[in-house]
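Worksheet: the structure to be examined is printed underneath.
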Amino acid sequence: MSSISRNDPCPCGSGKKYKKCCAGKFVAAENSPRQTGTSKGVDFNATNVSPPSDRLLKAVALHQEGQLDKAKETYQALLRENPDGGEAMHYLHYLGMIEHQEGRYPEAASLIERAIKRQGNIPVFHCNLANAYIQSGRLDSALNSYHEAIRLAPRFPQAYFNLHALLLDQTNVAPAIECMQKAVEIAPENLIFRFHLGMLLDYSGMSDIAAKHLEMVENGDDLCRALL
C-alpha cells in the first residue's frame with residue numbers, strides 16, 4: 001500500500017505539510033472517549049451488555065475533562081476488581097485511548113486488541129485500534145481495522161474520514177475522495193467533512209463540484225471559514 005510522508009505537501013490541496021493537515025486531523029478525531037462523527041440515532045459504541053456502571057461513567061467524565069491520571073487509575077481499579085465482567089472491554093479500550101493520548105502507541109494498540117478479543121463487534125474499537133496502528137507504523141493493519149469498523153457499521157462517517165487520510169496518494173486521490181463522499185453523504189451537516197472533500201475535488205480538477213462544498217464551508221461559522 002502506498003503512503004505519503006508526513007513532510008510532503010498534503011494531497012488535499014491545503015498547501016500545508018501532510019503532518020500539519022490531514023494526518024493530524026484524522027488521528028486526533030477519535031482520541032477522546034466522547035463519540036464523534038456519528039449519525040443521529042446511531043451508537044457506534046453499542047453493545048449487548050447492560051448500561052455502564054456509575055463508576056465507569058465517572059471515569060469517562062474525568063477522561064473527557066482531561067484528567068487522564070485519575071481516569072486511568074479508575075479504569076485500572078475497575079479492571080482489577082472485575083477483570084472478566086461485562087464492562088472489562090470498555091476499561092481496556094479507554095486505557096488504550098489514554099495510552100494513545102500520551103504517545104504510547106504500541107501499548108495503546110495492545111490494550112484495544114484485548115478489548116476487541118472480549119467484544120469484537122463494536123465499531124469504534126476497530127476505528128481507534130486503526131489510529132494506534134498508524135502511529136505505530138502498521139499501516140496495513142490500520143487499513144484492515146478501518147474496513148472492519150465500516151463493515152460493522154456502514155454508516156460510520158468518522159471511520160470513512162479517518163480512512164480517507166490513510167488512503168491519500170499524490171498520484172491517485174480517487175479512493176480518498178470516495179471515502180469523503182460517503183462521509184458527507186452520511187453526515188451532510190459536517191462542514192469539516194465538506195472542506196476535505198472540496199479540497200480533494202479541487203485538487204483533482206473538479207473545481208465546479210468542489211465549489212459547492214467549499215461555499216457551504218465559507219457560509220459556516222468562524223472556525224469553518226478559518227479552514228479556507
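Ligands are numbered from 1 in the order shown, residues from 1 within each chain, and chains are lettered A, B, ... in the order they appear in the C-alpha cells.
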Backbone-only DSSP, alpha helix (DSSP H) members of stretch 24-205 of chain A, as a VMD selection string
chain A and resid 24 to 28 54 to 64 68 to 81 88 to 101 105 to 118 123 to 135 139 to 152 157 to 167 174 to 186 191 to 203
Please provide the set of residues having any atom within 6 Å of stretch 179-189 of chain A, restricted to only C-alpha atoms, with same-chain residues fewer than 6 positions apart removed, written as a PyMOL selection string.
chain A and resi 157+160+164+197
Output of the above residues as a tab-separated table (two decimals), in the first residue's frame, restricted to all heavy atoms:
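Heads up, here's the output in result_25.tsv:
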```tsv
chain	number	residue	atom	x	y	z
A	157	PRO	N	-19.46	7.67	9.80
A	157	PRO	CA	-18.75	8.67	8.99
A	157	PRO	C	-17.32	8.92	9.45
A	157	PRO	O	-16.44	9.18	8.63
A	157	PRO	CB	-19.61	9.92	9.13
A	157	PRO	CG	-20.39	9.72	10.39
A	157	PRO	CD	-20.64	8.26	10.47
A	160	TYR	N	-14.91	6.57	7.83
A	160	TYR	CA	-14.61	6.95	6.45
A	160	TYR	C	-13.64	8.13	6.41
A	160	TYR	O	-12.72	8.18	5.58
A	160	TYR	CB	-15.88	7.32	5.69
A	160	TYR	CG	-16.77	6.15	5.35
A	160	TYR	CD1	-17.93	5.90	6.07
A	160	TYR	CD2	-16.45	5.29	4.30
A	160	TYR	CE1	-18.76	4.82	5.77
A	160	TYR	CE2	-17.27	4.22	3.98
A	160	TYR	CZ	-18.42	3.99	4.72
A	160	TYR	OH	-19.22	2.93	4.40
A	164	HIS	N	-9.93	7.98	4.80
A	164	HIS	CA	-9.56	8.77	3.63
A	164	HIS	C	-8.13	9.30	3.75
A	164	HIS	O	-7.39	9.34	2.77
A	164	HIS	CB	-10.55	9.93	3.41
A	164	HIS	CG	-10.03	11.29	3.78
A	164	HIS	ND1	-10.09	11.79	5.07
A	164	HIS	CD2	-9.43	12.25	3.03
A	164	HIS	CE1	-9.56	13.00	5.10
A	164	HIS	NE2	-9.15	13.31	3.89
A	197	LEU	N	-13.51	17.16	1.47
A	197	LEU	CA	-13.98	16.68	0.18
A	197	LEU	C	-13.78	17.75	-0.88
A	197	LEU	O	-13.32	17.47	-2.00
A	197	LEU	CB	-15.46	16.28	0.27
A	197	LEU	CG	-16.11	15.85	-1.05
A	197	LEU	CD1	-15.35	14.70	-1.70
A	197	LEU	CD2	-17.57	15.47	-0.83
```
Sort by chain and increasing residue number a table of all residues of stretch 41-140 of chain A within 12 Å of stretch 166-173 of chain A, each with its closest pair of atoms and their distance in Å to one decimal, counting only C-alpha atoms, and write it as JSON lines.
```
{"residue": "A:Ala130", "atom": "CA", "partner": "A:Leu166", "partner_atom": "CA", "distance": 9.9}
{"residue": "A:Asn131", "atom": "CA", "partner": "A:Leu166", "partner_atom": "CA", "distance": 9.8}
{"residue": "A:Tyr133", "atom": "CA", "partner": "A:Leu166", "partner_atom": "CA", "distance": 11.2}
{"residue": "A:Ile134", "atom": "CA", "partner": "A:Leu166", "partner_atom": "CA", "distance": 8.4}
{"residue": "A:Gln135", "atom": "CA", "partner": "A:Leu166", "partner_atom": "CA", "distance": 11.3}
{"residue": "A:Gly137", "atom": "CA", "partner": "A:Leu166", "partner_atom": "CA", "distance": 11.5}
{"residue": "A:Arg138", "atom": "CA", "partner": "A:Leu166", "partner_atom": "CA", "distance": 11.2}
{"residue": "A:Leu139", "atom": "CA", "partner": "A:Leu166", "partner_atom": "CA", "distance": 7.9}
{"residue": "A:Asp140", "atom": "CA", "partner": "A:Leu166", "partner_atom": "CA", "distance": 9.7}
```
Let me make sure I understand: among A:Leu143, A:Met206, A:Leu129, A:Met216, which one has the smallest atom-to-atom distance to A:Leu111 if we use only C-alpha atoms?
A:Leu129
Do you know which residues are at most 8 Å from stretch 146-153 of chain A counting only C-alpha atoms, after dropping those on the same chain fewer than 4 positions away, and could you put them as a CSV table (one decimal) with C-alpha atoms, in the first residue's frame?
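The resulting file, around_20.csv, is shown below:
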```csv
chain,number,residue,atom,x,y,z
A,44,PHE,CA,-21.1,3.1,17.3
A,121,ASN,CA,-18.4,-6.2,17.2
A,122,ILE,CA,-18.0,-2.6,18.5
A,123,PRO,CA,-17.1,-0.4,15.5
A,124,VAL,CA,-15.4,2.4,17.5
A,125,PHE,CA,-12.9,-0.1,19.0
A,126,HIS,CA,-11.7,-1.0,15.5
A,127,CYS,CA,-11.5,2.6,14.4
A,130,ALA,CA,-6.5,1.6,13.5
A,142,ALA,CA,-4.8,0.1,10.2
A,159,ALA,CA,-14.3,5.8,10.1
A,160,TYR,CA,-14.6,6.9,6.4
A,162,ASN,CA,-10.0,8.6,9.1
A,163,LEU,CA,-9.7,6.0,6.3
```
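Going from atom CA of A:Ile116 over to atom CA of A:Ala88, you cover 10.6 Å.
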